[in-house]
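**Q** Could you have a look at this structure, given as structure tokens, before my questions?
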Amino acid sequence: MSSNPLGEHEIIRIIQSRLTPMPDMPVPFGDDVSAISLGTQTAVLKTDMLVGKTDVPMGMSLFAVARKAIVMNVSDLASKGVVPTAVLAAIGLPKALATKEAVTEIAEGLNAGAREYGAYVIGGDTNETSDLIISISVFGTTLNNPTLRSGAKVGDILAVTGLFGKSAAGLRLLLRDCQAPEEMRKKLVDAVYNPKARLCEGLALCGGYVSASIDSSDGLAWSIHELSQQSGVGFLLDRLPVAVEAEEFAIQNGLDPAELVLYGGEEYELVLTVTPSRWVEAQARVQAVGGCLIPIGKATSTQQVRLDLDGKEVPVVARGWEHFKRQA
């Protein structure tokens, strides 16, 4: 057997190539969620696993960990414009965490995360493991077709539902690689400990306002490349959606703000494309639910992802978080 482990994406590709696709799947392999048709409705399912060693940063409470496990899954439903309804939670606990206090904190975090987005935890499983594992499955239904990654057309506006870079900066602080003033530190670390899923924004845009959509948890650059590959278009970015705190943090620590924005990951924003004729209405719908829709570029016929820096176009590398590898 090879001593070099495969990356997560190659592992998924191999597994999918050995599976028999269900006829008439509403969502093909390789998108944010899975789905089956229920006559007039579509049932949408998502499962994602949180593991202590790879997904839990230093100092994060068990309540926040359990809540994040829910947010990770809800964010993917948000990118499809689907309301989460029910949650199953499979929990693996090492003996050190098999205490009343720890289990209570996890249960409260699961419940808080589910109720925050209108869902309920209805069951699950527990087991003894060598590391903390919280594997969540979320179920929802929709009357609309879920928004896929593959619908972007040349000329569509590329947009995001928020600013980027705070999670990457916060993680650097937790790893003690960098420093920041106390007030800034609190905001950046909070972005890591308490992520938000953009469910209201995703629901506001369902029904034909968005041509393609993806959750950004693997990083902005990687997400844009996924939309490019699945839709058969390229993208030219004319701005970077950098958070003020991330930009100040980068300057203070001698870092490149673009690195934090493009390759940080764990942002849970939506990255999507909108037909120009529907842009004004789409932006207004998101603002009506208290969110924002920020244009950052356009879809192009050349299937490359590039960034316009003062009139000079530079390539945006397809790099982001990938399990079994440090970087994709």
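Ordering of the structure tokens sets the chain letters (A, B, ...); residue numbers start at 1 within each chain; ligands are numbered from 1 in the order shown.
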Would you list, as an mmCIF file with C-alpha atoms, in the first residue's frame, the residues of stretch 110-196 of chain A that end up in strand (DSSP E or B) under DSSP run on this structure's backbone?
**A**
data_model
loop_
_atom_site.group_PDB
_atom_site.id
_atom_site.type_symbol
_atom_site.label_atom_id
_atom_site.label_comp_id
_atom_site.auth_asym_id
_atom_site.auth_seq_id
_atom_site.Cartn_x
_atom_site.Cartn_y
_atom_site.Cartn_z
ATOM 1 C CA TYR A 120 -34.880 20.156 16.258
ATOM 2 C CA VAL A 121 -32.532 17.362 17.299
ATOM 3 C CA ILE A 122 -34.708 14.253 17.079
ATOM 4 C CA GLY A 123 -32.244 11.436 17.777
ATOM 5 C CA GLY A 124 -28.807 10.006 17.146
ATOM 6 C CA ASP A 125 -26.209 7.597 18.508
ATOM 7 C CA THR A 126 -23.320 7.519 20.990
ATOM 8 C CA ASN A 127 -20.149 5.481 21.167
ATOM 9 C CA GLU A 128 -16.760 5.362 22.861
ATOM 10 C CA ILE A 133 -16.469 13.121 17.227
ATOM 11 C CA ILE A 134 -19.765 14.861 16.547
ATOM 12 C CA SER A 135 -21.320 13.695 13.287
ATOM 13 C CA ILE A 136 -24.441 15.623 12.312
ATOM 14 C CA SER A 137 -27.100 14.792 9.731
ATOM 15 C CA VAL A 138 -29.605 17.509 8.852
ATOM 16 C CA PHE A 139 -32.874 17.040 6.967
ATOM 17 C CA GLY A 140 -34.989 19.679 5.233
ATOM 18 C CA THR A 141 -37.537 19.984 2.453
ATOM 19 C CA THR A 142 -38.170 22.519 -0.295
ATOM 20 C CA ILE A 157 -22.257 38.674 -10.941
ATOM 21 C CA LEU A 158 -20.114 36.836 -8.374
ATOM 22 C CA ALA A 159 -21.084 37.830 -4.836
ATOM 23 C CA VAL A 160 -20.637 36.895 -1.174
ATOM 24 C CA PHE A 164 -13.663 37.435 4.980
#
**Q** Write out as a ChimeraX atom specification each polymer residue whose atoms come within 10 Å of A:Leu199, counting only C-alpha atoms; drop sequence neighbours fewer than 3 positions from it.
**A** /A:71,74-84,117,196,202-205,269-270
**Q** With all heavy atoms retained, write the just-selected residues as a compact mmCIF listing (two decimals), in the first residue's frame.
**A**
# COMPACT_ATOMS: atom_id res chain seq x y z
N VAL A 71 -23.88 24.26 12.91
CA VAL A 71 -23.70 25.36 11.96
C VAL A 71 -23.05 24.87 10.67
O VAL A 71 -23.43 25.29 9.56
CB VAL A 71 -22.85 26.48 12.59
CG1 VAL A 71 -22.44 27.53 11.55
CG2 VAL A 71 -23.61 27.15 13.72
N VAL A 74 -25.89 23.31 8.65
CA VAL A 74 -26.92 24.28 8.25
C VAL A 74 -26.40 25.19 7.15
O VAL A 74 -27.14 25.57 6.23
CB VAL A 74 -27.38 25.10 9.47
CG1 VAL A 74 -28.29 26.25 9.04
CG2 VAL A 74 -28.11 24.21 10.48
N SER A 75 -25.12 25.54 7.22
CA SER A 75 -24.54 26.42 6.21
C SER A 75 -24.67 25.83 4.81
O SER A 75 -24.92 26.55 3.84
CB SER A 75 -23.06 26.69 6.53
OG SER A 75 -22.49 27.57 5.60
N ASP A 76 -24.51 24.53 4.69
CA ASP A 76 -24.65 23.90 3.38
C ASP A 76 -26.09 23.92 2.90
O ASP A 76 -26.36 24.11 1.71
CB ASP A 76 -24.13 22.46 3.43
CG ASP A 76 -22.62 22.40 3.42
OD1 ASP A 76 -22.00 23.03 2.55
OD2 ASP A 76 -22.04 21.72 4.29
N LEU A 77 -27.05 23.74 3.81
CA LEU A 77 -28.45 23.87 3.41
C LEU A 77 -28.76 25.31 3.02
O LEU A 77 -29.54 25.56 2.10
CB LEU A 77 -29.38 23.41 4.53
CG LEU A 77 -29.89 21.96 4.41
CD1 LEU A 77 -28.75 20.97 4.59
CD2 LEU A 77 -30.99 21.67 5.42
N ALA A 78 -28.16 26.26 3.72
CA ALA A 78 -28.36 27.67 3.40
C ALA A 78 -27.93 27.97 1.97
O ALA A 78 -28.59 28.74 1.26
CB ALA A 78 -27.59 28.55 4.38
N SER A 79 -26.85 27.35 1.53
CA SER A 79 -26.35 27.60 0.18
C SER A 79 -27.30 27.06 -0.89
O SER A 79 -27.22 27.46 -2.05
CB SER A 79 -24.96 26.98 -0.01
OG SER A 79 -25.02 25.57 -0.12
N LYS A 80 -28.18 26.17 -0.50
CA LYS A 80 -29.17 25.61 -1.43
C LYS A 80 -30.54 26.25 -1.26
O LYS A 80 -31.49 25.89 -1.96
CB LYS A 80 -29.29 24.10 -1.22
CG LYS A 80 -27.99 23.31 -1.26
CD LYS A 80 -27.33 23.36 -2.63
CE LYS A 80 -26.12 24.25 -2.67
NZ LYS A 80 -25.36 24.20 -3.92
N GLY A 81 -30.68 27.15 -0.27
CA GLY A 81 -31.97 27.78 -0.04
C GLY A 81 -32.98 26.85 0.60
O GLY A 81 -34.16 26.86 0.26
N VAL A 82 -32.52 26.03 1.56
CA VAL A 82 -33.37 25.00 2.16
C VAL A 82 -33.47 25.21 3.67
O VAL A 82 -32.46 25.43 4.34
CB VAL A 82 -32.81 23.59 1.88
CG1 VAL A 82 -33.64 22.51 2.58
CG2 VAL A 82 -32.78 23.33 0.37
N VAL A 83 -34.68 25.12 4.20
CA VAL A 83 -34.91 25.25 5.64
C VAL A 83 -34.56 23.93 6.34
O VAL A 83 -35.11 22.89 5.98
CB VAL A 83 -36.38 25.60 5.94
CG1 VAL A 83 -36.61 25.70 7.44
CG2 VAL A 83 -36.77 26.89 5.26
N PRO A 84 -33.67 23.94 7.33
CA PRO A 84 -33.40 22.72 8.09
C PRO A 84 -34.57 22.41 9.03
O PRO A 84 -35.12 23.32 9.66
CB PRO A 84 -32.13 23.06 8.88
CG PRO A 84 -32.18 24.55 9.03
CD PRO A 84 -32.84 25.08 7.79
N TYR A 117 -31.61 27.90 14.26
CA TYR A 117 -31.99 27.89 12.84
C TYR A 117 -33.33 27.20 12.62
O TYR A 117 -33.65 26.80 11.50
CB TYR A 117 -30.88 27.24 12.02
CG TYR A 117 -29.59 28.01 12.13
CD1 TYR A 117 -28.56 27.57 12.97
CD2 TYR A 117 -29.41 29.20 11.44
CE1 TYR A 117 -27.39 28.30 13.10
CE2 TYR A 117 -28.24 29.94 11.57
CZ TYR A 117 -27.24 29.49 12.39
OH TYR A 117 -26.09 30.22 12.53
N LYS A 196 -21.47 31.77 12.12
CA LYS A 196 -22.89 31.92 11.81
C LYS A 196 -23.16 31.37 10.42
O LYS A 196 -22.40 31.61 9.48
CB LYS A 196 -23.29 33.40 11.84
CG LYS A 196 -22.98 34.13 13.15
CD LYS A 196 -23.87 33.66 14.29
CE LYS A 196 -23.76 34.57 15.51
NZ LYS A 196 -22.40 34.63 16.09
N GLY A 202 -29.75 32.82 2.45
CA GLY A 202 -29.97 31.75 1.48
C GLY A 202 -31.45 31.57 1.16
O GLY A 202 -31.82 31.36 0.00
N LEU A 203 -32.29 31.67 2.19
CA LEU A 203 -33.73 31.52 1.96
C LEU A 203 -34.29 32.71 1.21
O LEU A 203 -35.21 32.56 0.38
CB LEU A 203 -34.44 31.35 3.30
CG LEU A 203 -34.09 30.09 4.10
CD1 LEU A 203 -34.85 30.07 5.42
CD2 LEU A 203 -34.39 28.83 3.29
N ALA A 204 -33.78 33.90 1.48
CA ALA A 204 -34.25 35.09 0.78
C ALA A 204 -33.97 35.02 -0.71
O ALA A 204 -34.68 35.63 -1.52
CB ALA A 204 -33.60 36.34 1.37
N LEU A 205 -32.93 34.28 -1.08
CA LEU A 205 -32.51 34.22 -2.48
C LEU A 205 -33.03 33.00 -3.23
O LEU A 205 -32.79 32.86 -4.43
CB LEU A 205 -30.98 34.24 -2.56
CG LEU A 205 -30.33 35.57 -2.15
CD1 LEU A 205 -28.82 35.40 -2.02
CD2 LEU A 205 -30.66 36.66 -3.15
N GLU A 269 -19.73 31.81 4.92
CA GLU A 269 -20.49 32.73 4.07
C GLU A 269 -20.97 31.96 2.85
O GLU A 269 -20.52 30.85 2.58
CB GLU A 269 -19.61 33.91 3.64
CG GLU A 269 -19.09 34.77 4.77
CD GLU A 269 -20.18 35.57 5.49
OE1 GLU A 269 -21.30 35.65 4.96
OE2 GLU A 269 -19.90 36.07 6.58
N LEU A 270 -21.88 32.56 2.10
CA LEU A 270 -22.32 31.98 0.84
C LEU A 270 -21.57 32.67 -0.29
O LEU A 270 -21.39 33.90 -0.28
CB LEU A 270 -23.82 32.15 0.65
CG LEU A 270 -24.71 31.60 1.76
CD1 LEU A 270 -26.18 31.77 1.40
CD2 LEU A 270 -24.39 30.14 2.06
**Q** May I have all residues of stretch 42-239 of chain A that DSSP, computed from the backbone, assigns to helix (DSSP H, G or I), given as an MDAnalysis selection string?
**A** chainID A and resid 52:55 62:80 95:97 100:116 166:174 182:193 199:204 220:231
**Q** Using only C-alpha atoms, which of A:Leu148, A:Ala243, A:Val274, A:Ala112 sits nearest A:Asp31?
**A** A:Leu148
**Q** Within 12 Å of A:Ala69, counting only C-alpha atoms, which residues show up once you throw out same-chain ones fewer than 5 positions away? Write them as JSON, numbers by chain, please.
**A** {"A": [46, 47, 48, 49, 50, 51, 52, 55, 56, 62, 63, 64, 74, 75, 76, 87, 88, 89, 90, 91, 106, 107, 109, 110, 111, 112, 113, 114, 132, 133, 134, 135, 136, 137, 138, 193, 194, 195, 196, 197, 266]}
